[in-house]
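Enquirer: Shown below is the structure under consideration.
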Amino acid sequence: MANFELYKGPYNPQITEPAVLEFWEKNPFFKPEYNPEKQELDTTEELKQYLHGHPERRFVIIDPPPNAYGRPHLGNISGYSYQDLLGRFWRMKGKRVLLFPGKDHAGIQGEIVVLREHFRPQGKSKATMSRDQFYKETYDYFTGMMAEALKDEKRIGLSADFDRNVFTLDPTIVDNVLSTFIQLYDKEKVYKGVRIVNWCPSCKTALADIDTEKKEREASMYYLKYPLKNPVGNHTHITVATTRPETMLGDTAIVVNPEDDRYKELHGQIVILPLVNREIPIITDGQVDTSVGTGCLKLTPAHAPEDYEIMLRWNENNPNNQVDWINVIDPEGKMCGPIGKYKGLTTIEAKEAVLTDMKALSLFEKEETISQRIPVCERCKTIIEPLMSSQWFIKIDDMKSKAIQAVKDGDISIHPKYMTKKYNHWMKNLRDWPISRALWWGYRFPVWYKGEIETTYNEEGKVVELINGVQVTDFADAVQKGLAQVSKTSPGSEWIQDENVFDTWFSSGQWPYVTLEKEGLLDVMYPTDTMETGYDILEFWVSRMIMLGLFRTNQIPFKDVYLHGIVKAPDGQKMSKSKGNVITLDDLVGQYGADAIRLLYIVGNKAGASYRIDSDKLAGNRNFLNKLWNAAKYVNFSTQDLSAPWEIEESSLSFEEADRQILQKARDIALQVEQKIKKFRFGIVAVDLIQSFWHDFCDTYLEQVKQRLYTKDKEGNPINNSPEAIASRKAGQWTLWYVLGVYLKSLHPYIPFITEYLWDSYPKASTESKTLSYASWPVTEETS
RNA sequence: GGGAACAUAGCUCAGCUGGUUAGAGCAUUCCGUUCACAUCGGAAAGGUCACAAGUUCGAAUCUUGUUGUUCCCACCA
């Protein structure tokens, strides 16, 4: 027993919650190995044997790993509240529950934070360290920070198996993730290809679209004339509009809308690209907006993603009339390729030179100011330079169709249901996944080159890779020439490892099975039950877990996806440091306690809906907890002379109508709670549960039964001493005791601290669980 | 441009597959309360369920359209 005191005065979470936390810390309740019948741990082997025999008796949630370098924000915390609610509910329903906590190394963001927060204050940077030094020190820094995060997870009441907390860069995890890459390679689902990428000239890395953001700025739009090779009618030239004149050196076509009457007679004509005198064709594409600029688009596939798309589309439909690309900007931001005297200039110098030269040739028409939104690096805010680069890709075609099918067939259900549409929409449009990042912090590619690998652009503006000075056409060619190899360990001293690390989603996308496999639990705990996370990473994370899970294990990684909304600041806006409206767990937990915060997240909320931090609601929640506290104390002292109530047969008692009603109501609400939790509608039913406790039990029943409980009137004269009154009093006491138990249990998944505290002094049989975590749910759902 | 959601009381929101008089919390007004709790209880007031048409015996709920708000994706040469 924990010996929690029912102290005088109002409920104070600052007293009760730390006491309960300590009780939970000292006991291994939250390990799936905990055997509630024996009240001690089974070995992991015994657990596995048990689950082999009873596969339905498990419930597993892999907690989404937050960034390891910081404390969880209130969004993470809200997720823990939902995960914990489900875990605690199923534990009470007799399942062996595992909530598996972890921490993420957070790729680009992690690298930037460690450089800024840890290395810069010491005067260190990537320039002053070796890669190994950086990795080791960062690893230590991150593992040190993790302890703080774990404290917060415990503080909110997460009943996870914290001994199993694991870092995404844990060596066993790394090994397993790399195995997936090798398997993908063996099945020819990985390739090294040339593609347009979002290149950050400052970070010197390729960025996924999601690592970029948009910035508004004023820019000049220049109208340039390109002469036609053979004038058609009164057309001697066409005019294009561009904000980046320097990229014209890489133009490979002019595109007009096929429906645009102004240019219909020019389809298929040839234009002489000024300054470099290259002949380029006029092609058509339906995406060209006739109202923008002149309706003529200069096509620079190597330096504009949309142009690249148009090129691919055109080439698909016109196999005999292919359009190519020419890369004219290198990763340093200098001009390159077949561009004559402009070669070697910076893009800014080249822009001036091109404009000057076009003016000299009288090919400059006009300039106007526009506002445009340009992509910048999400981390360092540098303007993105799209260019062609050699990158690793995963072919996702059949992975994605399997992932779509799994949801379509109902093997995986997404809550709320309408998010399924978002998922499908995203998946349908998904292309091959670029997975390489030029960083130091992450999983380095298990790829080796025999000598230095060098990526350059040749005189034609094409990407060329050289290994040890030998040109290779692609990775397969390099392997065949004995210059490259895929392997977790170095093939020999003269081999150099690929510099790239994996996109963070590649490792976190494998989280469900790599975590369980590390613990040797994959065979009995996979697929997991519920993936609970924010709806904002449905596409980025959940979709990848489904694809990679199906690839690696041939099984879905989880059966249900519950997506919670975004936590917003009291002003209704997104919390962000720049707005100065960030609220932390510390701000709230001292004032209201963890249970009240959990209620804020859960009560009245439904899947996918965002909600605000609202001090009125928090205060209301605290009031409710105080109500529960006082009611429990009242029941406790007014039933003190009722001995061993658990031994009393319900049928032997002389109930009054009020007793029967509250018994019925309490059982009804417990049943409803069970049904709604199973359907992931726990937030809605919580309102009814609280209402029922407060009004049916406290305001109505408790006030009524008081009259029957008094043994003395105000003057001290004995009352209620007839045999009928004594029997009625006993029935009332028993009802109070029983119904309080039903509410404590039903409320426990929502507010574990106060209920666990009150459970300690709640009269119960010696065979009852000493922790409410393993008290059995008060009702059994009729399956009929 | 493509996709999705939302629009219900002064505020924040419930209302699941259509079924009596549309609900809760907060706020407001009134009344009460020394025997668990003022972090209390009781009551009142407050809504053309955005608008329009349709389906139906019956619509806040289903369909279509309109208007407004929010989010995601793409794009703005």
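Every chain in the structure tokens has a letter given in the order shown (A, B, ...), and although residue numbers restart at 1 in each chain, ligands are simply numbered from 1 in the order shown.
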List the neighbours of stretch 38-43 of chain B out to 7 Å using only C-alpha atoms (C1' of nucleotides); skip same-chain residues closer than 4 positions along the sequence, and give me the result as a PyMOL selection string.

Expert: (chain A and resi 623+626) or (chain B and resi 32-33)

Enquirer: Counting only C-alpha atoms (C1' of nucleotides), which residues from chain B have an atom at most 9 Å from any atom of chain A, and could you show them as number ranges by chain?

Expert: B: 3-5, 12-14, 16, 24-26, 35-37, 39, 41, 72-73, 75-77

Enquirer: Mind checking which residues fall within 12 Å of stretch 46-51 of chain B, counting only C-alpha atoms (C1' of nucleotides), ignoring those fewer than 5 positions away in the same chain, and posting them as an mmCIF file with N, CA and C atoms (P, O5', C5', C4', C3', O3' and C1' of nucleotides), in the first residue's frame?

Expert:
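The new file out03.cif reads:
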data_model
loop_
_atom_site.group_PDB
_atom_site.id
_atom_site.type_symbol
_atom_site.label_atom_id
_atom_site.label_comp_id
_atom_site.auth_asym_id
_atom_site.auth_seq_id
_atom_site.Cartn_x
_atom_site.Cartn_y
_atom_site.Cartn_z
ATOM 1 P P C B 6 -16.813 19.006 -41.131
ATOM 2 O "O5'" C B 6 -16.841 20.505 -40.582
ATOM 3 C "C5'" C B 6 -16.289 20.801 -39.312
ATOM 4 C "C4'" C B 6 -16.116 22.285 -39.155
ATOM 5 C "C3'" C B 6 -17.397 23.115 -39.218
ATOM 6 O "O3'" C B 6 -18.097 23.090 -37.997
ATOM 7 C "C1'" C B 6 -15.740 24.137 -40.550
ATOM 8 P P A B 7 -19.697 23.212 -38.032
ATOM 9 O "O5'" A B 7 -19.917 24.763 -38.319
ATOM 10 C "C5'" A B 7 -19.358 25.739 -37.430
ATOM 11 C "C4'" A B 7 -19.683 27.124 -37.946
ATOM 12 C "C3'" A B 7 -21.174 27.435 -37.965
ATOM 13 O "O3'" A B 7 -21.427 28.734 -37.443
ATOM 14 C "C1'" A B 7 -20.231 27.708 -40.137
ATOM 15 P P U B 8 -21.618 28.927 -35.857
ATOM 16 O "O5'" U B 8 -22.805 27.940 -35.529
ATOM 17 C "C5'" U B 8 -24.135 28.273 -35.896
ATOM 18 C "C4'" U B 8 -25.106 27.577 -34.993
ATOM 19 C "C3'" U B 8 -24.884 27.814 -33.506
ATOM 20 O "O3'" U B 8 -25.427 29.052 -33.085
ATOM 21 C "C1'" U B 8 -25.170 25.510 -33.872
ATOM 22 P P A B 9 -24.655 29.855 -32.001
ATOM 23 O "O5'" A B 9 -25.635 29.875 -30.752
ATOM 24 C "C5'" A B 9 -26.754 30.758 -30.761
ATOM 25 C "C4'" A B 9 -26.954 31.325 -29.370
ATOM 26 C "C3'" A B 9 -25.714 31.966 -28.762
ATOM 27 O "O3'" A B 9 -26.063 33.179 -28.110
ATOM 28 C "C1'" A B 9 -26.547 30.294 -27.324
ATOM 29 P P G B 10 -26.133 34.500 -28.840
ATOM 30 O "O5'" G B 10 -24.754 35.144 -28.366
ATOM 31 C "C5'" G B 10 -24.401 36.463 -28.784
ATOM 32 C "C4'" G B 10 -23.181 36.873 -28.007
ATOM 33 C "C3'" G B 10 -22.042 35.866 -28.058
ATOM 34 O "O3'" G B 10 -21.177 36.131 -29.134
ATOM 35 C "C1'" G B 10 -22.544 36.359 -25.801
ATOM 36 P P G B 15 -19.712 15.770 -32.185
ATOM 37 O "O5'" G B 15 -21.296 15.611 -32.121
ATOM 38 C "C5'" G B 15 -21.875 14.668 -31.239
ATOM 39 C "C4'" G B 15 -23.367 14.876 -31.185
ATOM 40 C "C3'" G B 15 -24.072 14.921 -32.537
ATOM 41 O "O3'" G B 15 -24.294 13.628 -33.073
ATOM 42 C "C1'" G B 15 -24.802 16.729 -31.234
ATOM 43 P P A B 22 -36.113 22.159 -29.429
ATOM 44 O "O5'" A B 22 -34.940 21.455 -28.635
ATOM 45 C "C5'" A B 22 -34.546 20.110 -28.900
ATOM 46 C "C4'" A B 22 -33.053 20.061 -29.088
ATOM 47 C "C3'" A B 22 -32.267 20.825 -28.024
ATOM 48 O "O3'" A B 22 -31.974 19.946 -26.960
ATOM 49 C "C1'" A B 22 -31.464 21.328 -30.209
ATOM 50 P P G B 23 -32.616 20.143 -25.591
ATOM 51 O "O5'" G B 23 -31.466 19.870 -24.556
ATOM 52 C "C5'" G B 23 -30.512 20.854 -24.293
ATOM 53 C "C4'" G B 23 -29.173 20.195 -24.189
ATOM 54 C "C3'" G B 23 -28.151 21.002 -23.417
ATOM 55 O "O3'" G B 23 -28.277 20.771 -22.024
ATOM 56 C "C1'" G B 23 -27.222 20.294 -25.462
ATOM 57 P P A B 27 -17.988 31.606 -14.903
ATOM 58 O "O5'" A B 27 -18.521 32.727 -15.920
ATOM 59 C "C5'" A B 27 -17.638 33.709 -16.441
ATOM 60 C "C4'" A B 27 -18.376 34.601 -17.401
ATOM 61 C "C3'" A B 27 -19.650 35.230 -16.859
ATOM 62 O "O3'" A B 27 -19.393 36.384 -16.084
ATOM 63 C "C1'" A B 27 -20.087 34.293 -18.973
ATOM 64 P P U B 28 -20.332 36.698 -14.824
ATOM 65 O "O5'" U B 28 -21.726 37.030 -15.498
ATOM 66 C "C5'" U B 28 -21.861 38.153 -16.361
ATOM 67 C "C4'" U B 28 -23.290 38.291 -16.830
ATOM 68 C "C3'" U B 28 -24.343 38.283 -15.730
ATOM 69 O "O3'" U B 28 -24.459 39.560 -15.126
ATOM 70 C "C1'" U B 28 -25.028 36.839 -17.469
ATOM 71 P P U B 29 -24.680 39.641 -13.519
ATOM 72 O "O5'" U B 29 -26.223 39.278 -13.393
ATOM 73 C "C5'" U B 29 -27.211 40.120 -13.983
ATOM 74 C "C4'" U B 29 -28.568 39.506 -13.805
ATOM 75 C "C3'" U B 29 -28.880 39.001 -12.405
ATOM 76 O "O3'" U B 29 -29.295 40.041 -11.533
ATOM 77 C "C1'" U B 29 -29.481 37.342 -13.966
ATOM 78 P P A B 59 -38.157 18.002 -42.177
ATOM 79 O "O5'" A B 59 -36.859 17.314 -41.535
ATOM 80 C "C5'" A B 59 -36.519 17.509 -40.165
ATOM 81 C "C4'" A B 59 -35.049 17.858 -40.041
ATOM 82 C "C3'" A B 59 -34.680 19.219 -40.618
ATOM 83 O "O3'" A B 59 -33.578 19.747 -39.886
ATOM 84 C "C1'" A B 59 -33.564 17.553 -41.830
ATOM 85 P P A B 60 -33.822 20.633 -38.579
ATOM 86 O "O5'" A B 60 -32.359 21.172 -38.228
ATOM 87 C "C5'" A B 60 -31.715 22.097 -39.081
ATOM 88 C "C4'" A B 60 -30.213 21.959 -38.953
ATOM 89 C "C3'" A B 60 -29.633 20.714 -39.624
ATOM 90 O "O3'" A B 60 -29.307 20.972 -40.962
ATOM 91 C "C1'" A B 60 -28.838 20.879 -37.394
ATOM 92 P P U B 61 -29.525 19.845 -42.061
ATOM 93 O "O5'" U B 61 -28.692 18.586 -41.542
ATOM 94 C "C5'" U B 61 -27.264 18.636 -41.473
ATOM 95 C "C4'" U B 61 -26.760 17.368 -40.844
ATOM 96 C "C3'" U B 61 -27.011 16.114 -41.688
ATOM 97 O "O3'" U B 61 -25.856 15.289 -41.692
ATOM 98 C "C1'" U B 61 -27.978 15.864 -39.535
ATOM 99 P P G B 65 -22.516 21.381 -56.047
ATOM 100 O "O5'" G B 65 -23.143 22.840 -56.003
ATOM 101 C "C5'" G B 65 -23.663 23.422 -57.194
ATOM 102 C "C4'" G B 65 -24.484 24.634 -56.841
ATOM 103 C "C3'" G B 65 -23.755 25.738 -56.096
ATOM 104 O "O3'" G B 65 -22.968 26.537 -56.950
ATOM 105 C "C1'" G B 65 -25.846 25.353 -55.073
ATOM 106 P P U B 66 -21.675 27.274 -56.350
ATOM 107 O "O5'" U B 66 -22.326 28.416 -55.455
ATOM 108 C "C5'" U B 66 -23.100 29.448 -56.050
ATOM 109 C "C4'" U B 66 -23.610 30.398 -54.990
ATOM 110 C "C3'" U B 66 -22.544 30.962 -54.064
ATOM 111 O "O3'" U B 66 -21.843 32.046 -54.635
ATOM 112 C "C1'" U B 66 -24.376 30.208 -52.778
ATOM 113 P P U B 67 -20.309 32.239 -54.240
ATOM 114 O "O5'" U B 67 -20.399 32.830 -52.766
ATOM 115 C "C5'" U B 67 -21.063 34.068 -52.525
ATOM 116 C "C4'" U B 67 -21.223 34.297 -51.041
ATOM 117 C "C3'" U B 67 -19.939 34.196 -50.230
ATOM 118 O "O3'" U B 67 -19.153 35.372 -50.293
ATOM 119 C "C1'" U B 67 -21.636 32.986 -49.139
ATOM 120 P P G B 68 -17.556 35.257 -50.223
ATOM 121 O "O5'" G B 68 -17.288 34.930 -48.689
ATOM 122 C "C5'" G B 68 -17.586 35.897 -47.691
ATOM 123 C "C4'" G B 68 -17.498 35.273 -46.326
ATOM 124 C "C3'" G B 68 -16.165 34.628 -45.974
ATOM 125 O "O3'" G B 68 -15.188 35.567 -45.595
ATOM 126 C "C1'" G B 68 -17.918 33.180 -45.356
ATOM 127 P P U B 69 -13.630 35.213 -45.798
ATOM 128 O "O5'" U B 69 -13.345 34.162 -44.627
ATOM 129 C "C5'" U B 69 -13.405 34.566 -43.273
ATOM 130 C "C4'" U B 69 -13.173 33.387 -42.363
ATOM 131 C "C3'" U B 69 -11.892 32.605 -42.607
ATOM 132 O "O3'" U B 69 -10.755 33.231 -42.036
ATOM 133 C "C1'" U B 69 -13.687 31.093 -42.377
#

Enquirer: Would you pick out the contacts of A:Glu40 at 9 Å or less, using only C-alpha atoms (C1' of nucleotides), so that residues sharing its chain but fewer than 6 positions from it are not included, and give the list as a list in words?

Expert: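 Listed by chain and then number, they are Pro28, Phe29, Glu33 and Tyr34 of chain A.
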
Enquirer: Env of stretch 575-582 of chain A: 10 Å cut, atoms = only C-alpha atoms (C1' of nucleotides), seq-sep filter 4 positions within chain, self excluded. Answer as JSON, numbers by chain.

Expert: {"A": [73, 74, 75, 566, 567, 568, 569, 570, 571, 587, 612]}

Enquirer: Would you please extract all strand (DSSP E) residues from stretch 314-443 of chain A, as assigned by DSSP on the backbone, and give them as a PyMOL selection string?

Expert: chain A and resi 364-377+385-394+413-415+433-434+436-437

Enquirer: Store the residues picked out above, limited to C-alpha atoms, as a JSON list (two decimals), in the first residue's frame.

Expert:
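Output saved as selection05.json:
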[["chain", "number", "residue", "atom", "x", "y", "z"],
["A", 364, "PHE", "CA", 15.33, 43.87, -73.60],
["A", 365, "GLU", "CA", 11.72, 45.00, -73.69],
["A", 366, "LYS", "CA", 10.78, 46.25, -70.23],
["A", 367, "GLU", "CA", 10.97, 45.66, -66.50],
["A", 368, "GLU", "CA", 8.20, 45.73, -63.95],
["A", 369, "THR", "CA", 8.02, 45.22, -60.21],
["A", 370, "ILE", "CA", 6.04, 42.31, -58.87],
["A", 371, "SER", "CA", 5.75, 40.61, -55.54],
["A", 372, "GLN", "CA", 6.60, 36.96, -55.53],
["A", 373, "ARG", "CA", 6.81, 34.11, -53.05],
["A", 374, "ILE", "CA", 10.08, 32.31, -53.17],
["A", 375, "PRO", "CA", 11.15, 29.15, -51.35],
["A", 376, "VAL", "CA", 13.71, 29.55, -48.60],
["A", 377, "CYS", "CA", 15.47, 27.01, -46.42],
["A", 385, "GLU", "CA", 18.56, 27.40, -55.62],
["A", 386, "PRO", "CA", 16.92, 24.60, -57.54],
["A", 387, "LEU", "CA", 19.49, 22.63, -59.50],
["A", 388, "MET", "CA", 20.20, 19.20, -60.90],
["A", 389, "SER", "CA", 21.98, 16.91, -58.56],
["A", 390, "SER", "CA", 22.84, 13.29, -58.01],
["A", 391, "GLN", "CA", 20.66, 11.96, -55.21],
["A", 392, "TRP", "CA", 19.53, 8.70, -53.73],
["A", 393, "PHE", "CA", 15.92, 7.81, -54.37],
["A", 394, "ILE", "CA", 13.50, 5.14, -53.32],
["A", 413, "SER", "CA", -8.41, 2.78, -40.10],
["A", 414, "ILE", "CA", -7.74, 6.47, -39.84],
["A", 415, "HIS", "CA", -9.58, 8.52, -37.22],
["A", 433, "TRP", "CA", 11.32, 9.70, -52.53],
["A", 434, "PRO", "CA", 14.66, 11.51, -52.36],
["A", 436, "SER", "CA", 19.77, 11.67, -49.14],
["A", 437, "ARG", "CA", 20.72, 14.69, -47.08]]

Enquirer: Among the residues of stretch 405-537 of chain A, find those DSSP assigns to alpha helix (DSSP H) from the backbone and print them as a ChimeraX atom specification.

Expert: /A:405-408,419-428,475-480,504-508,511-518,522-525

Enquirer: Filtering to C-alpha atoms, could you give me those residues as a short mmCIF file (atom, residue, chain, number, x, y, z; two decimals), in the first residue's frame?

Expert:
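And here is the file that came out, selection.cif:
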data_model
loop_
_atom_site.label_atom_id
_atom_site.label_comp_id
_atom_site.auth_asym_id
_atom_site.auth_seq_id
_atom_site.Cartn_x
_atom_site.Cartn_y
_atom_site.Cartn_z
CA GLN A 405 -4.67 -0.63 -50.52
CA ALA A 406 -4.11 -1.30 -46.82
CA VAL A 407 -6.20 1.72 -45.92
CA LYS A 408 -8.76 1.07 -48.62
CA MET A 419 -8.44 12.28 -43.00
CA THR A 420 -8.42 9.16 -45.15
CA LYS A 421 -9.15 11.45 -48.07
CA LYS A 422 -6.10 13.54 -47.26
CA TYR A 423 -4.03 10.40 -47.06
CA ASN A 424 -5.26 9.10 -50.39
CA HIS A 425 -4.80 12.41 -52.09
CA TRP A 426 -1.24 12.67 -50.86
CA MET A 427 -0.37 9.08 -51.70
CA LYS A 428 -1.76 9.28 -55.20
CA PHE A 475 25.65 3.52 -59.46
CA ALA A 476 25.20 0.12 -61.06
CA ASP A 477 28.02 1.00 -63.42
CA ALA A 478 30.19 1.99 -60.47
CA VAL A 479 29.45 -1.31 -58.75
CA GLN A 480 30.26 -3.22 -61.90
CA THR A 504 14.92 11.62 -40.97
CA TRP A 505 11.60 10.21 -42.12
CA PHE A 506 13.44 7.21 -43.52
CA SER A 507 14.41 6.14 -40.02
CA SER A 508 11.35 7.36 -38.13
CA TRP A 511 9.94 3.14 -35.94
CA PRO A 512 7.21 0.58 -35.12
CA TYR A 513 9.19 -2.49 -36.09
CA VAL A 514 12.73 -1.40 -35.27
CA THR A 515 11.74 -0.57 -31.70
CA LEU A 516 9.95 -3.87 -31.12
CA GLU A 517 12.67 -5.84 -32.85
CA LYS A 518 15.28 -4.29 -30.56
CA LEU A 522 8.29 -8.19 -32.81
CA ASP A 523 6.70 -11.63 -33.09
CA VAL A 524 4.23 -11.09 -30.27
CA MET A 525 3.53 -7.35 -30.44
#

Enquirer: Compile the contact shell of A:Asn327 as a ChimeraX atom specification: residues with an atom at most 8 Å away, counting only C-alpha atoms (C1' of nucleotides), same-chain residues fewer than 3 positions apart removed.

Expert: /A:250,302-303,330,336-337,387-388,457,461-463

Enquirer: Quick one: write out the picked residues with N, CA, C and O atoms as an mmCIF file, in the first residue's frame?

Expert:
data_model
loop_
_atom_site.group_PDB
_atom_site.id
_atom_site.type_symbol
_atom_site.label_atom_id
_atom_site.label_comp_id
_atom_site.auth_asym_id
_atom_site.auth_seq_id
_atom_site.Cartn_x
_atom_site.Cartn_y
_atom_site.Cartn_z
ATOM 1 N N GLY A 250 20.247 28.509 -69.488
ATOM 2 C CA GLY A 250 19.916 27.091 -69.415
ATOM 3 C C GLY A 250 18.562 26.768 -70.027
ATOM 4 O O GLY A 250 18.040 25.672 -69.832
ATOM 5 N N ALA A 302 16.416 22.674 -65.433
ATOM 6 C CA ALA A 302 17.415 22.375 -64.404
ATOM 7 C C ALA A 302 17.288 23.300 -63.203
ATOM 8 O O ALA A 302 17.834 23.008 -62.143
ATOM 9 N N HIS A 303 16.563 24.415 -63.350
ATOM 10 C CA HIS A 303 16.570 25.398 -62.261
ATOM 11 C C HIS A 303 15.190 25.901 -61.868
ATOM 12 O O HIS A 303 15.066 26.936 -61.229
ATOM 13 N N ASP A 330 26.051 25.967 -60.413
ATOM 14 C CA ASP A 330 26.638 24.870 -59.640
ATOM 15 C C ASP A 330 26.311 25.042 -58.140
ATOM 16 O O ASP A 330 25.744 26.054 -57.738
ATOM 17 N N CYS A 336 27.828 27.677 -64.713
ATOM 18 C CA CYS A 336 28.630 26.619 -65.324
ATOM 19 C C CYS A 336 27.928 26.121 -66.581
ATOM 20 O O CYS A 336 26.832 26.571 -66.904
ATOM 21 N N GLY A 337 28.564 25.197 -67.282
ATOM 22 C CA GLY A 337 27.942 24.611 -68.465
ATOM 23 C C GLY A 337 28.304 25.336 -69.746
ATOM 24 O O GLY A 337 29.206 26.181 -69.768
ATOM 25 N N LEU A 387 18.513 23.066 -58.498
ATOM 26 C CA LEU A 387 19.490 22.630 -59.499
ATOM 27 C C LEU A 387 19.468 21.111 -59.622
ATOM 28 O O LEU A 387 18.851 20.415 -58.826
ATOM 29 N N MET A 388 20.161 20.633 -60.661
ATOM 30 C CA MET A 388 20.199 19.201 -60.900
ATOM 31 C C MET A 388 21.305 18.597 -60.064
ATOM 32 O O MET A 388 22.409 19.140 -59.978
ATOM 33 N N TYR A 457 29.704 19.254 -63.107
ATOM 34 C CA TYR A 457 28.902 19.445 -64.316
ATOM 35 C C TYR A 457 29.875 19.559 -65.477
ATOM 36 O O TYR A 457 30.902 20.241 -65.378
ATOM 37 N N GLY A 461 26.579 20.792 -69.431
ATOM 38 C CA GLY A 461 25.655 21.104 -68.343
ATOM 39 C C GLY A 461 25.024 19.855 -67.759
ATOM 40 O O GLY A 461 23.931 19.896 -67.192
ATOM 41 N N LYS A 462 25.707 18.738 -67.888
ATOM 42 C CA LYS A 462 25.195 17.479 -67.340
ATOM 43 C C LYS A 462 25.931 17.132 -66.043
ATOM 44 O O LYS A 462 27.104 17.487 -65.875
ATOM 45 N N VAL A 463 25.239 16.401 -65.185
ATOM 46 C CA VAL A 463 25.848 15.959 -63.939
ATOM 47 C C VAL A 463 26.770 14.785 -64.237
ATOM 48 O O VAL A 463 26.372 13.847 -64.937
#

Enquirer: At what distance in Å, to one decimal, does atom C1' of B:C11 lie from atom C1' of B:C30?

Expert: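 Separation of atom C1' of B:C30 and atom C1' of B:C11: 21.8 Å.
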
Enquirer: What does the structure give for the distance between atom CA of A:Leu671 and atom CA of A:Tyr743, in Å to one decimal?

Expert: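 Between atom CA of A:Leu671 and atom CA of A:Tyr743 the gap works out to 11.3 Å.
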
Enquirer: In Å, how far is it from atom CA of A:Ala149 to atom CA of A:Arg71?

Expert: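 According to the coordinates, atom CA of A:Ala149 and atom CA of A:Arg71 are separated by 4.6 Å.
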
Enquirer: Find the residues near A:Ala206: any atom within 7 Å, counting only C-alpha atoms (C1' of nucleotides), skip ones fewer than 3 places away on the same chain, and give them as a PyMOL selection string.

Expert: chain A and resi 197-200+437-438

Enquirer: Pick out the closest residue to A:Ala765 from this set: A:Ile182, A:Cys203, A:Ile648, A:Ile173. Count only C-alpha atoms.

Expert: A:Ile648
